[in-house]
>>> print(open('upload37.cif').read())   # mmCIF, C-alpha atoms and all ligand atoms
data_coords
loop_
_atom_site.label_atom_id
_atom_site.label_comp_id
_atom_site.auth_asym_id
_atom_site.auth_seq_id
_atom_site.Cartn_x
_atom_site.Cartn_y
_atom_site.Cartn_z
CA MET A 1 -12.24 21.38 11.76
CA ALA A 2 -12.28 17.81 10.49
CA ASP A 3 -9.03 16.52 9.03
CA ARG A 4 -8.77 16.85 5.25
CA PHE A 5 -6.60 14.07 3.86
CA LEU A 6 -4.99 14.07 0.43
CA VAL A 7 -4.50 10.43 -0.61
CA THR A 8 -2.36 9.95 -3.71
CA GLY A 9 -3.04 6.68 -5.47
CA GLY A 10 -6.46 6.77 -3.84
CA LEU A 11 -7.96 4.58 -6.55
CA GLY A 12 -5.52 1.80 -5.59
CA CYS A 13 -5.98 -0.89 -2.98
CA ILE A 14 -4.53 0.77 0.12
CA GLY A 15 -5.76 4.19 -1.03
CA ALA A 16 -9.35 2.99 -1.35
CA TRP A 17 -9.13 1.48 2.13
CA ALA A 18 -7.72 4.78 3.43
CA ALA A 19 -10.72 6.62 1.95
CA HIS A 20 -13.01 4.00 3.52
CA GLU A 21 -11.51 4.49 6.97
CA LEU A 22 -11.30 8.29 6.82
CA LEU A 23 -14.86 8.79 5.51
CA ALA A 24 -16.14 6.51 8.28
CA GLU A 25 -14.49 8.90 10.75
CA GLY A 26 -16.20 11.90 9.14
CA CYS A 27 -13.02 13.31 7.58
CA GLU A 28 -12.80 14.97 4.20
CA VAL A 29 -10.83 12.94 1.67
CA ILE A 30 -9.25 14.11 -1.56
CA VAL A 31 -8.47 11.09 -3.70
CA ALA A 32 -5.82 12.08 -6.23
CA ASP A 33 -5.05 9.51 -8.88
CA LEU A 34 -4.34 9.11 -12.55
CA GLY A 35 -5.90 5.68 -12.82
CA SER A 36 -8.67 4.92 -15.24
CA SER A 37 -10.51 2.38 -13.11
CA ASP A 38 -12.26 3.46 -9.92
CA HIS A 39 -13.65 0.01 -9.08
CA ARG A 40 -11.63 -0.39 -5.86
CA LEU A 41 -12.82 2.92 -4.43
CA ARG A 42 -16.42 2.33 -5.55
CA ASN A 43 -16.48 -1.18 -4.08
CA LEU A 44 -15.41 0.15 -0.69
CA VAL A 45 -17.13 3.53 -0.35
CA GLY A 46 -19.95 3.46 -2.90
CA GLU A 47 -20.68 5.87 -5.75
CA HIS A 48 -20.85 9.37 -4.26
CA PRO A 49 -20.09 9.31 -0.53
CA SER A 50 -20.26 12.64 1.23
CA GLY A 51 -16.84 14.07 2.13
CA LEU A 52 -15.07 12.62 -0.91
CA THR A 53 -13.47 14.75 -3.63
CA ARG A 54 -11.85 13.09 -6.62
CA VAL A 55 -9.00 14.82 -8.42
CA ALA A 56 -7.30 13.69 -11.63
CA LEU A 57 -3.63 14.15 -10.76
CA ASP A 58 -0.45 12.96 -12.44
CA ILE A 59 2.15 13.05 -9.68
CA THR A 60 4.98 13.16 -12.22
CA ASP A 61 3.92 16.76 -12.98
CA ALA A 62 5.32 18.81 -10.08
CA ASP A 63 3.29 21.90 -11.03
CA GLN A 64 0.07 19.89 -10.93
CA VAL A 65 1.00 18.49 -7.52
CA MET A 66 1.78 21.96 -6.13
CA ALA A 67 -1.49 23.32 -7.59
CA CYS A 68 -3.42 20.43 -6.04
CA PHE A 69 -2.07 21.32 -2.57
CA ALA A 70 -2.84 25.02 -3.14
CA GLU A 71 -6.40 24.35 -4.32
CA HIS A 72 -7.48 21.63 -1.91
CA ARG A 73 -5.46 22.68 1.16
CA PRO A 74 -5.12 19.25 2.76
CA THR A 75 -4.31 19.06 6.46
CA HIS A 76 -2.62 15.64 6.06
CA VAL A 77 -1.13 13.62 3.23
CA VAL A 78 -0.80 9.89 2.59
CA HIS A 79 1.31 9.23 -0.50
CA LEU A 80 0.61 5.84 -2.08
CA ALA A 81 0.63 6.45 -5.85
CA ALA A 82 3.18 4.20 -7.53
CA LEU A 83 3.74 1.68 -10.28
CA GLN A 84 4.28 -1.82 -8.93
CA VAL A 85 7.08 -4.32 -9.74
CA PRO A 86 5.82 -5.67 -13.12
CA PHE A 87 4.95 -2.19 -14.41
CA CYS A 88 8.40 -0.82 -13.47
CA LYS A 89 10.01 -3.81 -15.14
CA ALA A 90 7.99 -3.26 -18.32
CA ASP A 91 8.60 0.50 -18.36
CA PRO A 92 11.68 1.43 -16.27
CA VAL A 93 11.67 5.10 -17.29
CA GLY A 94 7.96 5.47 -16.61
CA GLY A 95 8.43 3.63 -13.30
CA ALA A 96 11.22 6.00 -12.26
CA ARG A 97 9.08 9.00 -13.24
CA VAL A 98 6.11 7.92 -11.14
CA ASN A 99 7.89 6.29 -8.22
CA VAL A 100 10.90 8.59 -7.83
CA VAL A 101 10.13 11.92 -9.54
CA GLY A 102 6.51 11.74 -8.35
CA THR A 103 7.64 11.27 -4.75
CA VAL A 104 10.04 14.22 -4.99
CA ALA A 105 7.14 16.31 -6.32
CA LEU A 106 5.13 15.32 -3.22
CA LEU A 107 8.07 16.12 -0.92
CA GLU A 108 8.38 19.57 -2.53
CA ALA A 109 4.68 20.28 -2.07
CA MET A 110 4.79 19.07 1.54
CA ALA A 111 7.83 21.24 2.34
CA GLU A 112 6.05 24.24 0.81
CA HIS A 113 2.49 23.78 2.09
CA LEU A 114 2.62 21.47 5.13
CA PRO A 115 6.12 21.79 6.57
CA ASP A 116 4.94 20.98 10.11
CA ARG A 117 3.13 17.76 9.21
CA VAL A 118 4.56 14.28 8.90
CA PHE A 119 4.76 13.06 5.30
CA SER A 120 3.36 9.50 5.35
CA TYR A 121 4.43 7.51 2.30
CA ALA A 122 4.75 3.96 1.02
CA SER A 123 8.07 2.27 0.62
CA SER A 124 8.13 -1.51 0.27
CA VAL A 125 9.67 -4.74 1.50
CA ALA A 126 11.16 -4.81 -2.01
CA ALA A 127 13.69 -2.27 -0.70
CA TYR A 128 15.34 -5.35 0.87
CA GLY A 129 17.83 -7.52 -0.99
CA GLY A 130 15.82 -10.68 -1.49
CA GLU A 131 17.38 -14.03 -0.59
CA ASP A 132 20.78 -12.36 -0.29
CA GLU A 133 19.54 -10.09 2.50
CA PRO A 134 21.47 -10.82 5.72
CA THR A 135 19.19 -12.16 8.45
CA VAL A 136 19.64 -13.20 12.07
CA ASP A 137 17.65 -16.36 12.82
CA GLY A 138 15.71 -15.72 9.59
CA VAL A 139 14.72 -12.16 10.53
CA ALA A 140 16.01 -9.25 8.46
CA ALA A 141 17.06 -6.10 10.35
CA ALA A 142 14.69 -3.13 10.61
CA ASP A 143 16.66 -1.40 7.85
CA PRO A 144 17.69 -3.17 4.64
CA GLN A 145 21.37 -4.13 4.52
CA GLY A 146 21.39 -5.74 1.07
CA LYS A 147 20.70 -4.50 -2.44
CA PRO A 148 17.18 -4.58 -3.88
CA HIS A 149 16.68 -7.01 -6.77
CA THR A 150 14.11 -5.01 -8.73
CA LEU A 151 14.05 -1.51 -10.18
CA TYR A 152 10.90 -0.98 -8.12
CA GLY A 153 12.92 -1.77 -4.97
CA VAL A 154 15.71 0.58 -6.06
CA TYR A 155 13.17 3.35 -6.64
CA LYS A 156 11.65 2.79 -3.19
CA ARG A 157 15.13 2.96 -1.63
CA ALA A 158 15.73 6.23 -3.48
CA ASN A 159 12.53 7.64 -1.96
CA GLU A 160 13.66 6.66 1.52
CA GLU A 161 16.93 8.54 0.99
CA SER A 162 15.15 11.56 -0.58
CA ALA A 163 12.86 11.82 2.45
CA ALA A 164 15.89 11.79 4.79
CA VAL A 165 17.51 14.64 2.84
CA TYR A 166 14.28 16.69 2.94
CA HIS A 167 14.40 16.42 6.72
CA ALA A 168 18.04 17.45 6.86
CA ASP A 169 17.68 20.31 4.35
CA ARG A 170 14.13 21.57 4.89
CA GLY A 171 13.09 20.16 8.27
CA LEU A 172 10.24 18.10 6.78
CA SER A 173 9.42 15.05 8.90
CA SER A 174 8.41 11.81 7.24
CA ILE A 175 7.49 8.25 8.04
CA GLY A 176 7.90 5.70 5.27
CA LEU A 177 6.11 2.40 5.78
CA ARG A 178 7.24 -0.79 4.08
CA PRO A 179 4.23 -3.06 3.47
CA TYR A 180 4.94 -6.69 2.58
CA VAL A 181 1.91 -8.52 1.10
CA VAL A 182 -1.30 -6.53 1.36
CA TYR A 183 -4.52 -8.47 0.83
CA GLY A 184 -8.20 -7.61 0.97
CA VAL A 185 -10.83 -6.35 -1.46
CA GLY A 186 -9.07 -4.03 -3.93
CA ARG A 187 -5.79 -5.97 -4.08
CA ASP A 188 -5.80 -7.06 -7.70
CA GLN A 189 -2.44 -6.06 -9.19
CA GLY A 190 1.26 -6.57 -8.51
CA VAL A 191 3.33 -9.74 -8.03
CA THR A 192 1.93 -10.57 -4.60
CA SER A 193 -1.79 -10.16 -5.39
CA SER A 194 -2.03 -13.90 -6.17
CA PRO A 195 -3.24 -15.17 -2.71
CA ASN A 196 -5.88 -12.45 -2.70
CA MET A 197 -7.03 -13.59 -6.13
CA ALA A 198 -7.26 -17.10 -4.60
CA MET A 199 -9.69 -15.66 -2.03
CA LEU A 200 -11.73 -14.18 -4.88
CA ALA A 201 -11.71 -17.50 -6.77
CA ALA A 202 -12.82 -19.32 -3.59
CA ALA A 203 -15.71 -16.85 -3.24
CA GLN A 204 -16.62 -17.54 -6.89
CA GLY A 205 -16.35 -21.33 -6.42
CA GLU A 206 -13.49 -21.54 -8.96
CA PRO A 207 -10.09 -23.28 -8.73
CA PHE A 208 -6.94 -21.12 -8.46
CA HIS A 209 -3.18 -21.50 -8.80
CA ILE A 210 -1.07 -19.22 -6.58
CA SER A 211 2.18 -18.12 -8.22
CA TYR A 212 4.40 -18.32 -5.13
CA GLY A 213 4.68 -19.88 -1.68
CA GLY A 214 7.05 -19.80 1.27
CA ARG A 215 6.73 -17.43 4.18
CA ALA A 216 5.78 -13.77 4.06
CA VAL A 217 4.18 -11.07 6.20
CA TYR A 218 0.50 -10.41 5.35
CA GLN A 219 -1.38 -7.19 6.03
CA HIS A 220 -5.08 -6.53 5.45
CA GLY A 221 -5.73 -3.40 3.33
CA ARG A 222 -7.78 -1.80 6.10
CA ASP A 223 -4.95 -2.22 8.58
CA ALA A 224 -2.32 -0.97 6.13
CA ALA A 225 -4.49 2.10 5.50
CA ARG A 226 -4.93 2.72 9.23
CA ALA A 227 -1.17 2.56 9.69
CA PHE A 228 -0.54 5.19 6.98
CA ILE A 229 -3.24 7.45 8.46
CA ALA A 230 -1.78 7.11 11.97
CA ALA A 231 1.69 7.94 10.62
CA ALA A 232 0.36 11.09 8.92
CA ARG A 233 -1.22 12.20 12.21
CA SER A 234 1.77 11.46 14.41
CA ASP A 235 3.94 14.19 15.90
CA TYR A 236 7.14 12.40 14.95
CA ASP A 237 10.15 14.63 14.29
CA GLY A 238 12.68 13.11 11.93
CA ALA A 239 12.77 10.95 8.83
CA CYS A 240 12.40 7.23 9.38
CA VAL A 241 11.26 4.16 7.52
CA VAL A 242 9.70 1.23 9.37
CA ASN A 243 8.31 -2.12 8.32
CA LEU A 244 4.56 -2.50 8.47
CA PRO A 245 3.56 -5.07 11.11
CA GLY A 246 1.45 -8.02 10.00
CA ASP A 247 1.05 -11.78 10.30
CA GLU A 248 4.16 -13.72 9.41
CA VAL A 249 2.78 -16.96 7.96
CA SER A 250 3.32 -19.53 5.23
CA MET A 251 1.20 -19.85 2.10
CA GLN A 252 -0.17 -23.08 3.61
CA ASP A 253 -1.53 -20.97 6.48
CA ILE A 254 -3.21 -18.64 3.96
CA ILE A 255 -4.77 -21.60 2.16
CA ALA A 256 -5.93 -23.05 5.50
CA ALA A 257 -7.57 -19.70 6.37
CA ILE A 258 -9.35 -19.69 2.98
CA ARG A 259 -10.51 -23.31 3.48
CA ALA A 260 -11.81 -22.42 6.95
CA VAL A 261 -14.37 -20.28 5.08
CA VAL A 262 -14.67 -22.28 1.84
CA PRO A 263 -13.77 -25.90 2.73
CA GLU A 264 -14.06 -27.09 -0.88
CA ALA A 265 -11.68 -24.39 -2.26
CA GLU A 266 -9.38 -25.90 -4.91
CA ILE A 267 -6.02 -24.14 -4.57
CA THR A 268 -2.59 -25.17 -5.87
CA LEU A 269 0.68 -23.23 -5.64
CA ASP A 270 4.26 -22.89 -6.87
CA ASP A 271 6.01 -23.27 -3.54
CA VAL A 272 8.78 -20.75 -4.21
CA GLN A 273 9.85 -18.10 -1.76
CA LEU A 274 9.30 -14.47 -2.84
CA PRO A 275 12.52 -12.54 -3.52
CA PHE A 276 12.21 -10.86 -0.12
CA PRO A 277 13.38 -11.92 3.36
CA PRO A 278 10.73 -14.25 4.90
CA SER A 279 10.61 -12.16 8.05
CA VAL A 280 11.45 -8.53 8.81
CA ASP A 281 11.79 -6.63 12.08
CA ALA A 282 8.63 -4.50 12.36
CA SER A 283 9.09 -3.42 15.98
CA GLY A 284 9.91 0.16 14.91
CA PHE A 285 6.31 0.87 13.89
CA ASP A 286 4.89 0.68 17.42
CA ARG A 287 7.79 2.76 18.75
CA VAL A 288 7.41 5.55 16.18
CA VAL A 289 3.67 5.59 15.43
CA GLY A 290 2.06 3.54 18.23
CA ALA A 291 0.19 0.25 17.94
CA VAL A 292 -2.69 0.14 15.45
CA PRO A 293 -5.28 -2.65 15.93
CA ARG A 294 -5.21 -5.29 13.19
CA TYR A 295 -7.33 -8.18 11.96
CA PRO A 296 -5.97 -11.58 12.98
CA LEU A 297 -5.25 -13.47 9.72
CA ASP A 298 -8.28 -15.79 9.88
CA GLU A 299 -10.64 -12.85 10.48
CA GLY A 300 -9.02 -10.79 7.72
CA VAL A 301 -9.35 -13.63 5.22
CA ALA A 302 -12.96 -14.31 6.25
CA GLU A 303 -13.79 -10.58 5.94
CA THR A 304 -12.25 -10.53 2.46
CA ILE A 305 -14.14 -13.57 1.19
CA GLY A 306 -17.38 -12.24 2.70
CA ARG A 307 -16.89 -8.86 0.99
CA PHE A 308 -16.05 -10.58 -2.33
CA ARG A 309 -19.23 -12.66 -2.06
CA ALA A 310 -21.33 -9.56 -1.51
CA LEU A 311 -19.70 -7.80 -4.48
CA ILE A 312 -20.20 -10.84 -6.73
CA ALA A 313 -23.87 -10.99 -5.70
CA ALA A 314 -24.22 -7.30 -6.55
CA GLY A 315 -22.62 -7.81 -10.00
CA ALA A 316 -19.76 -5.38 -9.17
CA VAL A 317 -16.57 -4.98 -11.20
CA ILE A 318 -13.93 -6.55 -8.94
CA VAL A 319 -10.74 -6.62 -11.03
CA PRO A 320 -9.49 -4.04 -13.56
CA GLN A 321 -11.14 -4.33 -17.00
CA ARG A 322 -8.16 -4.38 -19.40
N1 LIG B 401 -0.04 -3.85 -2.08
C1 LIG B 401 1.08 -4.31 -1.53
O1 LIG B 401 1.21 -5.47 -1.12
C2 LIG B 401 2.27 -3.37 -1.37
C3 LIG B 401 3.45 -3.90 -0.86
C4 LIG B 401 4.54 -3.05 -0.71
C5 LIG B 401 4.42 -1.70 -1.04
N2 LIG B 401 3.25 -1.23 -1.52
C6 LIG B 401 3.17 0.20 -1.88
O2 LIG B 401 2.00 0.75 -1.30
C7 LIG B 401 1.44 1.73 -2.18
C8 LIG B 401 -0.01 1.42 -2.46
O3 LIG B 401 -0.10 0.09 -2.95
P1 LIG B 401 -1.44 -0.44 -3.62
O4 LIG B 401 -1.45 -1.92 -3.48
O5 LIG B 401 -2.58 0.36 -3.11
O6 LIG B 401 -1.14 -0.09 -5.15
P2 LIG B 401 -2.13 -0.05 -6.41
O7 LIG B 401 -1.30 -0.48 -7.58
O8 LIG B 401 -3.41 -0.74 -6.12
O9 LIG B 401 -2.44 1.52 -6.54
C9 LIG B 401 -1.52 2.45 -6.98
C10 LIG B 401 -2.30 3.65 -7.52
O10 LIG B 401 -1.36 4.63 -7.99
C11 LIG B 401 -1.95 5.27 -9.11
N3 LIG B 401 -0.95 5.93 -9.95
C12 LIG B 401 -0.04 5.35 -10.76
N4 LIG B 401 0.64 6.30 -11.42
C13 LIG B 401 0.17 7.51 -11.01
C14 LIG B 401 0.49 8.86 -11.32
N5 LIG B 401 1.44 9.16 -12.22
N6 LIG B 401 -0.18 9.83 -10.69
C15 LIG B 401 -1.17 9.53 -9.82
N7 LIG B 401 -1.51 8.26 -9.47
C16 LIG B 401 -0.85 7.27 -10.06
C17 LIG B 401 -2.61 4.11 -9.87
O11 LIG B 401 -3.58 4.58 -10.79
C18 LIG B 401 -3.19 3.29 -8.73
O12 LIG B 401 -4.54 3.63 -8.49
C19 LIG B 401 2.32 1.77 -3.43
O13 LIG B 401 3.28 2.80 -3.28
C20 LIG B 401 3.00 0.41 -3.38
O14 LIG B 401 4.25 0.45 -4.05
C21 LIG B 401 2.16 -2.04 -1.70
#
>>> encode(input="upload37.cif", output="structure tokens")
Amino acid sequence: MADRFLVTGGLGCIGAWAAHELLAEGCEVIVADLGSSDHRLRNLVGEHPSGLTRVALDITDADQVMACFAEHRPTHVVHLAALQVPFCKADPVGGARVNVVGTVALLEAMAEHLPDRVFSYASSVAAYGGEDEPTVDGVAAADPQGKPHTLYGVYKRANEESAAVYHADRGLSSIGLRPYVVYGVGRDQGVTSSPNMAMLAAAQGEPFHISYGGRAVYQHGRDAARAFIAAARSDYDGACVVNLPGDEVSMQDIIAAIRAVVPEAEITLDDVQLPFPPSVDASGFDRVVGAVPRYPLDEGVAETIGRFRALIAAGAVIVPQR
């Protein structure tokens, strides 16, 4: 039987890429999301691909989550649904409901319906303590030692601790992945979407101002999705959280990669470091999950601009219509 993946937040950037990768393998995919805009999914997999089921699910409703597992009987789960930093800041209670309560609802449903599978879920680099995070030679340890600076980061830390308790109490294994900056078609919201929007502007022939600079770790959406899928399929026993591997580069390197494709791209930036450590130890991923092939940065940026160009030519909706 082909794998049947439940992807929460499947209308989001990484979720749409997960659907793209899984459908290409011939898997069944249940995209469960509350979101109103399905442009990311449509732009990656088309209108009605075979193997895809879409479910309207609010993960803050534990009964709905349990019923979704009972009805659709997934064999694997990738949990991505969340509100990002600005949304949690604007609505802290709503952010806690989605990011913390919603994740506990998923953990409950996993423990009930898929106790022998690994729960693959998204944490974030925001679980780290920003500039105050202790580093050795500029590299932060595999596990955060400092205090997160955003409610979003606090909520992600809470999820990491909840997953550990579910392993201790109920024997449910989990792998939390901490992405840093994900880019690629579909990345159009959250603090760190700005360089990706610069790639879109370059494809459109428009100037763009990037809201931050400094060094960060960049991951293409396809590669992030592959990592979550591999984690869900692993036979890991335990509850761990690992940083998602990627390319550790400066914003100047990103701009150079964009200009390699669009030499005339007009891009300016505020050269301020994000409130995260510039480099994090991601060696745990290969140890726990195994290496997953990734785009080199220049290829990932070129793929993104090429895909944006094709979508522009087709008149597609590329960013949310607010
Ligand atoms: N994109 C990044 O750079 C990045 C970095 C670190 C961590 N992450 C984490 O990775 C995950 C996926 O990120 P993304 O970039 O795909 O996010 P995204 O914002 O593009 O997508 C999130 C999805 O969650 C859905 N959602 C929100 N509330 C919901 C609810 N109550 N019930 C069901 N669905 C709901 C939204 O509609 C949206 O489609 C998130 O957990 C995010 O916090 C992402």
>>> residues_near_ligand(input="upload37.cif", ligand="ligand LIG 401 (chain B)", cutoff="6 Å", atoms="all atoms listed in the file", output="ChimeraX atom specification")
/A:9-15,33-35,57-60,80-84,98,122-125,178-182,187,189
>>> residues_around(input="upload37.cif", residues="Val288 of chain A", least_positions_apart="2", cutoff="10 Å", atoms="only C-alpha atoms", output="NGL selection string")
:A and (175 or 231 or 234-237 or 240-242 or 283-286 or 290-291)
>>> residues_around(input="upload37.cif", residues="Glu131 of chain A", least_positions_apart="5", cutoff="12 Å", atoms="all atoms listed in the file", output="PyMOL selection string")
chain A and resi 126+138-140+145-149+214+272-279
>>> closest_residue(input="upload37.cif", among="A:Gln64, A:Phe208, A:Val280, A:Glu264", to="Gly130 of chain A", atoms="only C-alpha atoms")
A:Val280
>>> atom_distance(input="upload37.cif", atom1="atom CA of Gly300 of chain A", atom2="atom CA of Gly184 of chain A")
7.5 Å
>>> atom_distance(input="upload37.cif", atom1="atom CA of Thr8 of chain A", atom2="atom CA of Leu151 of chain A")
21.0 Å
>>> residues_around(input="upload37.cif", residues="Tyr295 of chain A", least_positions_apart="4", cutoff="8 Å", atoms="only C-alpha atoms", output="mmCIF file with C-alpha atoms, in the frame of the given file")
data_model
loop_
_atom_site.group_PDB
_atom_site.id
_atom_site.type_symbol
_atom_site.label_atom_id
_atom_site.label_comp_id
_atom_site.auth_asym_id
_atom_site.auth_seq_id
_atom_site.Cartn_x
_atom_site.Cartn_y
_atom_site.Cartn_z
ATOM 1 C CA HIS A 220 -5.080 -6.530 5.450
ATOM 2 C CA ASP A 223 -4.950 -2.220 8.580
ATOM 3 C CA GLU A 299 -10.640 -12.850 10.480
ATOM 4 C CA GLY A 300 -9.020 -10.790 7.720
#
>>> atom_distance(input="upload37.cif", atom1="atom CA of Pro144 of chain A", atom2="atom CA of Trp17 of chain A")
27.3 Å
>>> closest_residue(input="upload37.cif", among="A:Ala225, A:Val317, A:Ala202, A:Val191", to="Val262 of chain A", atoms="all atoms listed in the file")
A:Ala202
>>> residues_near_point(input="upload37.cif", point="(-17.7, 12.1, -0.8)", cutoff="8 Å", atoms="all atoms listed in the file", output="ChimeraX atom specification")
/A:23,28-29,48-53
>>> closest_residue(input="upload37.cif", among="A:Leu107, A:Ala2, A:Ala56, A:Ala282", to="Gly171 of chain A", atoms="only C-alpha atoms")
A:Leu107
>>> axis_aligned_box(input="upload37.cif", around="segment 180-192 of chain A", padding_each_side="5 Å", output="JSON")
{"center_x": -2.9, "center_y": -7.3, "center_z": -3.3, "size_x": 25.8, "size_y": 16.5, "size_z": 21.8}
>>> closest_residue(input="upload37.cif", among="A:Tyr152, A:Tyr166, A:Tyr121, A:Phe69", to="Asp91 of chain A", atoms="all atoms listed in the file")
A:Tyr152
>>> residues_around(input="upload37.cif", residues="segment 36-47 of chain A", least_positions_apart="2", cutoff="6 Å", atoms="all atoms listed in the file", output="PyMOL selection string")
chain A and resi 11+16+20+186
>>> residues_near_point(input="upload37.cif", point="(15.5, 0.5, 3.7)", cutoff="6 Å", atoms="all atoms listed in the file", output="PyMOL selection string")
chain A and resi 127+143-144+157
>>> write_last_selection(input="upload37.cif", atoms="C-alpha atoms", output="tab-separated table (two decimals), keeping the file's coordinate frame")
chain	number	residue	atom	x	y	z
A	127	ALA	CA	13.69	-2.27	-0.70
A	143	ASP	CA	16.66	-1.40	7.85
A	144	PRO	CA	17.69	-3.17	4.64
A	157	ARG	CA	15.13	2.96	-1.63
>>> closest_residue(input="upload37.cif", among="A:Leu311, A:Ala158, A:Val85, A:Val136", to="Val101 of chain A", atoms="all atoms listed in the file")
A:Ala158
>>> closest_residue(input="upload37.cif", among="A:Asp298, A:Asp188, A:Glu112, A:Asp247", to="Ile318 of chain A", atoms="only C-alpha atoms")
A:Asp188
>>> decode(input="upload37.cif", residues="segment 85-103 of chain A", atoms="N, CA and C atoms", output="PDB file, in the first residue's frame")
ATOM      1  N   VAL A  85       5.769  34.401  13.267  1.00  0.00           N
ATOM      2  CA  VAL A  85       6.136  35.425  14.274  1.00  0.00           C
ATOM      3  C   VAL A  85       5.197  36.641  14.290  1.00  0.00           C
ATOM      4  N   PRO A  86       4.955  37.318  13.137  1.00  0.00           N
ATOM      5  CA  PRO A  86       4.133  38.535  13.218  1.00  0.00           C
ATOM      6  C   PRO A  86       2.700  38.253  13.638  1.00  0.00           C
ATOM      7  N   PHE A  87       2.163  37.093  13.240  1.00  0.00           N
ATOM      8  CA  PHE A  87       0.785  36.756  13.592  1.00  0.00           C
ATOM      9  C   PHE A  87       0.677  36.448  15.089  1.00  0.00           C
ATOM     10  N   CYS A  88       1.688  35.778  15.654  1.00  0.00           N
ATOM     11  CA  CYS A  88       1.678  35.501  17.102  1.00  0.00           C
ATOM     12  C   CYS A  88       1.833  36.796  17.888  1.00  0.00           C
ATOM     13  N   LYS A  89       2.613  37.711  17.339  1.00  0.00           N
ATOM     14  CA  LYS A  89       2.793  38.995  18.031  1.00  0.00           C
ATOM     15  C   LYS A  89       1.480  39.788  18.024  1.00  0.00           C
ATOM     16  N   ALA A  90       0.785  39.751  16.889  1.00  0.00           N
ATOM     17  CA  ALA A  90      -0.467  40.504  16.764  1.00  0.00           C
ATOM     18  C   ALA A  90      -1.592  39.859  17.571  1.00  0.00           C
ATOM     19  N   ASP A  91      -1.546  38.542  17.727  1.00  0.00           N
ATOM     20  CA  ASP A  91      -2.627  37.829  18.427  1.00  0.00           C
ATOM     21  C   ASP A  91      -2.000  36.719  19.277  1.00  0.00           C
ATOM     22  N   PRO A  92      -1.461  37.092  20.452  1.00  0.00           N
ATOM     23  CA  PRO A  92      -0.746  36.098  21.272  1.00  0.00           C
ATOM     24  C   PRO A  92      -1.620  34.923  21.700  1.00  0.00           C
ATOM     25  N   VAL A  93      -2.893  35.188  22.023  1.00  0.00           N
ATOM     26  CA  VAL A  93      -3.758  34.084  22.477  1.00  0.00           C
ATOM     27  C   VAL A  93      -4.059  33.147  21.306  1.00  0.00           C
ATOM     28  N   GLY A  94      -4.377  33.759  20.159  1.00  0.00           N
ATOM     29  CA  GLY A  94      -4.625  32.944  18.964  1.00  0.00           C
ATOM     30  C   GLY A  94      -3.372  32.160  18.582  1.00  0.00           C
ATOM     31  N   GLY A  95      -2.218  32.793  18.689  1.00  0.00           N
ATOM     32  CA  GLY A  95      -0.943  32.126  18.370  1.00  0.00           C
ATOM     33  C   GLY A  95      -0.712  30.930  19.274  1.00  0.00           C
ATOM     34  N   ALA A  96      -0.985  31.113  20.579  1.00  0.00           N
ATOM     35  CA  ALA A  96      -0.795  30.000  21.524  1.00  0.00           C
ATOM     36  C   ALA A  96      -1.774  28.871  21.214  1.00  0.00           C
ATOM     37  N   ARG A  97      -3.007  29.257  20.834  1.00  0.00           N
ATOM     38  CA  ARG A  97      -4.006  28.219  20.508  1.00  0.00           C
ATOM     39  C   ARG A  97      -3.529  27.360  19.340  1.00  0.00           C
ATOM     40  N   VAL A  98      -3.115  28.044  18.260  1.00  0.00           N
ATOM     41  CA  VAL A  98      -2.723  27.274  17.068  1.00  0.00           C
ATOM     42  C   VAL A  98      -1.409  26.536  17.332  1.00  0.00           C
ATOM     43  N   ASN A  99      -0.408  27.289  17.792  1.00  0.00           N
ATOM     44  CA  ASN A  99       0.936  26.710  17.831  1.00  0.00           C
ATOM     45  C   ASN A  99       1.132  25.726  18.982  1.00  0.00           C
ATOM     46  N   VAL A 100       0.514  25.984  20.123  1.00  0.00           N
ATOM     47  CA  VAL A 100       0.729  25.097  21.278  1.00  0.00           C
ATOM     48  C   VAL A 100      -0.431  24.104  21.425  1.00  0.00           C
ATOM     49  N   VAL A 101      -1.657  24.631  21.582  1.00  0.00           N
ATOM     50  CA  VAL A 101      -2.806  23.720  21.761  1.00  0.00           C
ATOM     51  C   VAL A 101      -2.957  22.829  20.528  1.00  0.00           C
ATOM     52  N   GLY A 102      -2.804  23.421  19.338  1.00  0.00           N
ATOM     53  CA  GLY A 102      -2.932  22.649  18.103  1.00  0.00           C
ATOM     54  C   GLY A 102      -1.918  21.509  18.055  1.00  0.00           C
ATOM     55  N   THR A 103      -0.707  21.761  18.503  1.00  0.00           N
ATOM     56  CA  THR A 103       0.314  20.704  18.475  1.00  0.00           C
ATOM     57  C   THR A 103      -0.017  19.618  19.489  1.00  0.00           C
TER      58      THR A 103
END
